[in-house]
$ cat protein09.pdb   # PDB, C-alpha atoms, pLDDT in the B column
MODEL        1
ATOM      1  CA  MET A 153     -17.890   4.022  -6.701  1.00 52.00           C
ATOM      2  CA  ILE A 154     -15.660   1.999  -4.417  1.00 61.00           C
ATOM      3  CA  LEU A 155     -11.976   1.460  -5.191  1.00 61.00           C
ATOM      4  CA  ALA A 156     -12.346  -2.181  -6.289  1.00 65.00           C
ATOM      5  CA  ASP A 157     -14.998  -1.100  -8.800  1.00 71.00           C
ATOM      6  CA  ALA A 158     -12.671   1.619 -10.089  1.00 74.00           C
ATOM      7  CA  ASP A 159      -9.910  -0.952 -10.618  1.00 83.00           C
ATOM      8  CA  ARG A 160     -12.295  -3.196 -12.535  1.00 86.00           C
ATOM      9  CA  PHE A 161     -13.448  -0.234 -14.615  1.00 86.00           C
ATOM     10  CA  LEU A 162      -9.827   0.659 -15.436  1.00 89.00           C
ATOM     11  CA  ARG A 163      -9.039  -2.936 -16.441  1.00 91.00           C
ATOM     12  CA  HIS A 164     -12.019  -2.854 -18.838  1.00 91.00           C
ATOM     13  CA  PHE A 165     -10.807   0.484 -20.191  1.00 92.00           C
ATOM     14  CA  GLU A 166      -7.250  -0.792 -20.703  1.00 93.00           C
ATOM     15  CA  ARG A 167      -8.502  -3.941 -22.416  1.00 94.00           C
ATOM     16  CA  ASP A 168     -10.825  -1.952 -24.684  1.00 94.00           C
ATOM     17  CA  ALA A 169      -8.028   0.466 -25.625  1.00 95.00           C
ATOM     18  CA  ALA A 170      -5.707  -2.397 -26.566  1.00 95.00           C
ATOM     19  CA  LEU A 171      -8.502  -4.064 -28.525  1.00 95.00           C
ATOM     20  CA  ALA A 172      -9.338  -0.836 -30.377  1.00 95.00           C
ATOM     21  CA  CYS A 173      -5.691  -0.307 -31.272  1.00 95.00           C
ATOM     22  CA  SER A 174      -5.356  -3.897 -32.481  1.00 95.00           C
ATOM     23  CA  VAL A 175      -8.500  -3.708 -34.613  1.00 95.00           C
ATOM     24  CA  MET A 176      -7.348  -0.427 -36.169  1.00 95.00           C
ATOM     25  CA  ALA A 177      -3.913  -1.904 -36.889  1.00 95.00           C
ATOM     26  CA  VAL A 178      -5.466  -4.903 -38.640  1.00 96.00           C
ATOM     27  CA  GLY A 179      -7.788  -2.535 -40.513  1.00 94.00           C
ATOM     28  CA  ALA A 180      -4.823  -0.445 -41.643  1.00 93.00           C
ATOM     29  CA  LEU A 181      -3.011  -3.581 -42.774  1.00 93.00           C
ATOM     30  CA  VAL A 182      -6.038  -4.634 -44.826  1.00 95.00           C
ATOM     31  CA  ALA A 183      -6.557  -1.121 -46.243  1.00 93.00           C
ATOM     32  CA  GLU A 184      -2.906  -0.916 -47.271  1.00 89.00           C
ATOM     33  CA  ARG A 185      -3.106  -4.365 -48.917  1.00 92.00           C
ATOM     34  CA  GLY A 186      -0.504  -5.925 -46.658  1.00 88.00           C
ATOM     35  CA  ARG A 187       1.924  -3.007 -46.453  1.00 89.00           C
ATOM     36  CA  PRO A 188       2.834  -2.485 -42.782  1.00 89.00           C
ATOM     37  CA  ASP A 189       3.246   1.323 -42.893  1.00 88.00           C
ATOM     38  CA  GLY A 190      -0.192   2.273 -41.604  1.00 90.00           C
ATOM     39  CA  ALA A 191      -0.427  -0.617 -39.137  1.00 92.00           C
ATOM     40  CA  ALA A 192       2.973   0.242 -37.663  1.00 92.00           C
ATOM     41  CA  GLY A 193       1.820   3.845 -37.263  1.00 92.00           C
ATOM     42  CA  VAL A 194      -1.327   2.711 -35.452  1.00 94.00           C
ATOM     43  CA  VAL A 195       0.645   0.479 -33.092  1.00 94.00           C
ATOM     44  CA  ALA A 196       3.179   3.261 -32.442  1.00 93.00           C
ATOM     45  CA  GLY A 197       0.377   5.733 -31.663  1.00 93.00           C
ATOM     46  CA  GLY A 198      -1.170   3.187 -29.320  1.00 94.00           C
ATOM     47  CA  LEU A 199       2.162   2.721 -27.566  1.00 93.00           C
ATOM     48  CA  LEU A 200       2.541   6.471 -27.125  1.00 91.00           C
ATOM     49  CA  MET A 201      -0.902   6.601 -25.556  1.00 93.00           C
ATOM     50  CA  ALA A 202      -0.077   3.638 -23.315  1.00 93.00           C
ATOM     51  CA  VAL A 203       2.973   5.498 -21.996  1.00 88.00           C
ATOM     52  CA  SER A 204       0.886   8.636 -21.489  1.00 88.00           C
ATOM     53  CA  TYR A 205      -1.830   6.650 -19.707  1.00 91.00           C
ATOM     54  CA  GLY A 206       0.781   5.039 -17.489  1.00 87.00           C
ATOM     55  CA  ALA A 207       2.117   8.474 -16.538  1.00 81.00           C
ATOM     56  CA  ILE A 208      -1.333   9.761 -15.654  1.00 84.00           C
ATOM     57  CA  LYS A 209      -2.263   6.604 -13.752  1.00 85.00           C
ATOM     58  CA  GLY A 210       1.007   6.714 -11.822  1.00 80.00           C
ATOM     59  CA  ALA A 211       0.425  10.344 -10.835  1.00 76.00           C
ATOM     60  CA  VAL A 212      -3.110   9.579  -9.666  1.00 79.00           C
ATOM     61  CA  ASP A 213      -1.937   6.528  -7.711  1.00 79.00           C
ATOM     62  CA  ALA A 214       0.746   8.647  -6.041  1.00 74.00           C
ATOM     63  CA  ALA A 215      -1.804  11.315  -5.143  1.00 74.00           C
ATOM     64  CA  ILE A 216      -4.086   8.682  -3.618  1.00 75.00           C
ATOM     65  CA  ALA A 217      -1.169   7.285  -1.594  1.00 73.00           C
ATOM     66  CA  VAL A 218      -0.422  10.773  -0.286  1.00 70.00           C
ATOM     67  CA  MET A 219      -4.057  11.369   0.658  1.00 72.00           C
ATOM     68  CA  ARG A 220      -4.146   8.067   2.531  1.00 72.00           C
ATOM     69  CA  HIS A 221      -0.862   8.836   4.312  1.00 67.00           C
ATOM     70  CA  GLU A 222       0.592   5.490   3.277  1.00 59.00           C
ATOM     71  CA  PRO A 223       4.045   4.601   4.635  1.00 62.00           C
ATOM     72  CA  GLY A 224       7.015   5.135   2.391  1.00 60.00           C
ATOM     73  CA  VAL A 225       5.582   8.262   0.780  1.00 56.00           C
ATOM     74  CA  LEU A 226       8.009  11.156   0.418  1.00 57.00           C
ATOM     75  CA  ARG A 227       7.620  14.481   2.248  1.00 65.00           C
ATOM     76  CA  PRO A 228       5.166  16.885   0.547  1.00 65.00           C
ATOM     77  CA  ARG A 229       7.656  19.349  -1.013  1.00 69.00           C
ATOM     78  CA  ARG A 230      10.026  16.679  -2.221  1.00 74.00           C
ATOM     79  CA  ARG A 231       7.126  14.548  -3.456  1.00 71.00           C
ATOM     80  CA  ALA A 232       5.745  17.517  -5.433  1.00 71.00           C
ATOM     81  CA  LEU A 233       9.145  18.189  -6.986  1.00 78.00           C
ATOM     82  CA  VAL A 234       9.647  14.525  -7.919  1.00 78.00           C
ATOM     83  CA  ALA A 235       6.131  14.353  -9.394  1.00 74.00           C
ATOM     84  CA  ALA A 236       6.715  17.495 -11.474  1.00 78.00           C
ATOM     85  CA  VAL A 237      10.041  16.228 -12.801  1.00 84.00           C
ATOM     86  CA  LYS A 238       8.524  12.852 -13.684  1.00 80.00           C
ATOM     87  CA  PHE A 239       5.538  14.497 -15.374  1.00 77.00           C
ATOM     88  CA  PHE A 240       7.577  16.817 -17.585  1.00 83.00           C
ATOM     89  CA  THR A 241      10.215  14.186 -18.320  1.00 86.00           C
ATOM     90  CA  ARG A 242       7.620  11.650 -19.449  1.00 81.00           C
ATOM     91  CA  TYR A 243       5.886  14.115 -21.733  1.00 82.00           C
ATOM     92  CA  ALA A 244       9.179  15.351 -23.147  1.00 87.00           C
ATOM     93  CA  LEU A 245      10.050  11.725 -23.918  1.00 87.00           C
ATOM     94  CA  LEU A 246       6.632  11.257 -25.545  1.00 86.00           C
ATOM     95  CA  ALA A 247       7.234  14.280 -27.766  1.00 87.00           C
ATOM     96  CA  VAL A 248      10.685  13.011 -28.724  1.00 90.00           C
ATOM     97  CA  GLY A 249       9.229   9.549 -29.356  1.00 87.00           C
ATOM     98  CA  ALA A 250       6.505  10.918 -31.625  1.00 88.00           C
ATOM     99  CA  TYR A 251       9.057  13.011 -33.517  1.00 90.00           C
ATOM    100  CA  ALA A 252      11.358  10.009 -33.956  1.00 89.00           C
ATOM    101  CA  MET A 253       8.493   7.817 -35.120  1.00 90.00           C
ATOM    102  CA  LEU A 254       7.491  10.339 -37.766  1.00 87.00           C
ATOM    103  CA  THR A 255      10.943  11.374 -38.988  1.00 91.00           C
ATOM    104  CA  CYS A 256      13.360   8.521 -38.351  1.00 88.00           C
ATOM    105  CA  PHE A 257      11.051   5.533 -38.749  1.00 87.00           C
ATOM    106  CA  ARG A 258       8.816   7.344 -41.272  1.00 88.00           C
ATOM    107  CA  LEU A 259       5.652   5.873 -39.819  1.00 89.00           C
ATOM    108  CA  HIS A 260       2.372   6.942 -41.370  1.00 87.00           C
ATOM    109  CA  PRO A 261       1.114  10.073 -39.551  1.00 90.00           C
ATOM    110  CA  VAL A 262      -2.557   9.140 -40.000  1.00 90.00           C
ATOM    111  CA  GLY A 263      -1.820   5.745 -38.481  1.00 90.00           C
ATOM    112  CA  LEU A 264      -0.053   7.415 -35.564  1.00 90.00           C
ATOM    113  CA  VAL A 265      -3.083   9.637 -34.912  1.00 90.00           C
ATOM    114  CA  ALA A 266      -5.440   6.666 -35.293  1.00 91.00           C
ATOM    115  CA  GLY A 267      -3.501   4.703 -32.703  1.00 91.00           C
ATOM    116  CA  ALA A 268      -3.531   7.707 -30.397  1.00 90.00           C
ATOM    117  CA  THR A 269      -7.349   7.696 -30.491  1.00 93.00           C
ATOM    118  CA  SER A 270      -7.580   4.216 -28.988  1.00 93.00           C
ATOM    119  CA  PRO A 271      -8.187   5.535 -25.422  1.00 92.00           C
ATOM    120  CA  PHE A 272     -11.021   7.688 -26.764  1.00 94.00           C
ATOM    121  CA  LEU A 273     -12.589   4.659 -28.426  1.00 93.00           C
ATOM    122  CA  ALA A 274     -12.196   2.652 -25.215  1.00 93.00           C
ATOM    123  CA  ALA A 275     -13.909   5.401 -23.225  1.00 92.00           C
ATOM    124  CA  ALA A 276     -16.712   5.545 -25.802  1.00 92.00           C
ATOM    125  CA  ALA A 277     -17.161   1.778 -25.506  1.00 91.00           C
ATOM    126  CA  GLN A 278     -17.468   2.117 -21.717  1.00 89.00           C
ATOM    127  CA  VAL A 279     -20.085   4.855 -22.099  1.00 90.00           C
ATOM    128  CA  VAL A 280     -22.122   2.746 -24.516  1.00 91.00           C
ATOM    129  CA  ARG A 281     -21.792  -0.326 -22.320  1.00 87.00           C
ATOM    130  CA  LEU A 282     -22.909   1.530 -19.198  1.00 85.00           C
ATOM    131  CA  SER A 283     -25.733   3.401 -20.934  1.00 88.00           C
ATOM    132  CA  ARG A 284     -27.237   0.182 -22.309  1.00 86.00           C
ATOM    133  CA  ALA A 285     -27.285  -1.550 -18.927  1.00 76.00           C
ATOM    134  CA  PRO A 286     -30.531  -1.318 -16.943  1.00 76.00           C
ATOM    135  CA  SER A 287     -28.457  -0.689 -13.816  1.00 64.00           C
ATOM    136  CA  ASN A 288     -24.811  -0.321 -12.895  1.00 50.00           C
ATOM    137  CA  ARG A 289     -25.049  -3.494 -10.802  1.00 56.00           C
ATOM    138  CA  GLU A 290     -25.326  -5.591 -13.985  1.00 50.00           C
ATOM    139  CA  HIS A 291     -21.759  -4.696 -14.950  1.00 51.00           C
ATOM    140  CA  GLY A 292     -20.370  -5.013 -11.462  1.00 53.00           C
ATOM    141  CA  TYR A 293     -20.216  -1.264 -10.876  1.00 52.00           C
ATOM    142  CA  ALA A 294     -22.467  -1.238  -7.827  1.00 54.00           C
ATOM    143  CA  GLN A 295     -22.314   1.815  -5.625  1.00 55.00           C
ATOM    144  CA  LYS A 296     -22.572   2.227  -1.874  1.00 56.00           C
ATOM    145  CA  ASP A 297     -24.792   4.765  -0.160  1.00 59.00           C
ATOM    146  CA  GLU A 298     -23.753   6.873   2.863  1.00 63.00           C
ATOM    147  CA  GLY A 299     -24.447   3.970   5.245  1.00 59.00           C
ATOM    148  CA  GLY A 300     -22.184   1.604   3.296  1.00 58.00           C
ATOM    149  CA  ARG A 301     -25.082  -0.415   1.872  1.00 59.00           C
ATOM    150  CA  MET A 302     -25.050  -1.464  -1.790  1.00 55.00           C
ATOM    151  CA  LYS A 303     -27.477   0.414  -4.031  1.00 57.00           C
ATOM    152  CA  ASP A 304     -28.386   0.323  -7.704  1.00 52.00           C
ATOM    153  CA  GLY A 305     -26.759   2.971  -9.853  1.00 47.00           C
ATOM    154  CA  GLY A 306     -29.584   3.109 -12.394  1.00 43.00           C
TER
ENDMDL
END

$ encode --input "protein09.pdb" --output "C-alpha cells"
Amino acid sequence: MILADADRFLRHFERDAALACSVMAVGALVAERGRPDGAAGVVAGGLLMAVSYGAIKGAVDAAIAVMRHEPGVLRPRRRALVAAVKFFTRYALLAVGAYAMLTCFRLHPVGLVAGATSPFLAAAAQVVRLSRAPSNREHGYAQKDEGGRMKDGG
C-alpha cells in the first residue's frame, strides 16, 4: 500500500468512526425517549476515542518522520523522551477525562462505552467494504509491485 492510499484509508476510517458515533448517539436519544443522558455518554466516549486516535496517529506520524530523516526532527534521545512524555500525558488526561465524565457530569456509563466502540465499528465497516470488493482497485486501494507497477490486490 502506498502512502496516499493509506491516507485515503485513514480518512474513510475517521469518517466511519464519526458516523458510527453519531448513529449510536441518535439511537441512544431515541431509546431514552428524548433524554440526553445516553446520547451525551456516547458522544463523550467518541470524543475520548478521538483524542486517543489522535495520540496514536501523531506518534506514528512522528515515527515515520524520523525514519525518513525529515528536517526539523529532534535528536533520537530527546525525541524518544518527548514522545514518551506526550504518550503518558495524553493517556493520563484520557483517564482523568473519563473519570470526570462519569463522576462529575454523571454521563451514562453504557453510553460512554458505546461511544468508545466507534473505532471498532469503523474498522469492521472497512473490513466488510474491502471483503465485498472484487479487487482492492475498485476502492482506490491499488497496490504496487516491486517494480513500481500497479497491480490488483484481489

$ resolve_selection --input "protein09.pdb" --expression "the PyMOL selection byres ((chain A and resi 170) around 9)" --output "PyMOL selection string"
chain A and resi 165-169+171-175+198+202+270-271+274

$ closest_residue --input "protein09.pdb" --among "A:Phe239, A:Ala244, A:Glu184, A:Phe161" --to "A:Gln278" --atoms "all atoms listed in the file"
A:Phe161

$ residues_around --input "protein09.pdb" --residues "A:Arg258" --least-positions-apart "2" --cutoff "12 Å" --atoms "all atoms listed in the file" --output "PyMOL selection string"
chain A and resi 188-190+192-193+196+250-256+260-264

$ atom_distance --input "protein09.pdb" --atom1 "atom CA of A:Ala214" --atom2 "atom CA of A:Ala235"
8.5 Å

$ closest_residue --input "protein09.pdb" --among "A:Ala236, A:Val178, A:Val195, A:Leu200" --to "A:Val248" --atoms "only C-alpha atoms"
A:Leu200

$ axis_aligned_box --input "protein09.pdb" --around "stretch 194-206 of chain A" --padding-each-side "5 Å" --output "AutoDock Vina command-line options"
--center_x 0.7 --center_y 4.6 --center_z -26.5 --size_x 15.0 --size_y 18.2 --size_z 28.0

$ atom_distance --input "protein09.pdb" --atom1 "atom CA of A:Ile216" --atom2 "atom CA of A:Thr241"
21.2 Å

$ closest_residue --input "protein09.pdb" --among "A:Arg220, A:Arg231, A:Arg242, A:Arg187" --to "A:Gly206" --atoms "only C-alpha atoms"
A:Arg242

$ atom_distance --input "protein09.pdb" --atom1 "atom CA of A:Val218" --atom2 "atom CA of A:Leu162"
20.5 Å

$ closest_residue --input "protein09.pdb" --among "A:Met219, A:Ala268, A:Val280, A:Val237" --to "A:Ala207" --atoms "all atoms listed in the file"
A:Val237

$ closest_residue --input "protein09.pdb" --among "A:Val212, A:Val182, A:Ala275, A:Val194" --to "A:Leu259" --atoms "all atoms listed in the file"
A:Val194

$ closest_residue --input "protein09.pdb" --among "A:Ala191, A:Arg185, A:Lys238, A:Ala177" --to "A:Ala211" --atoms "all atoms listed in the file"
A:Lys238
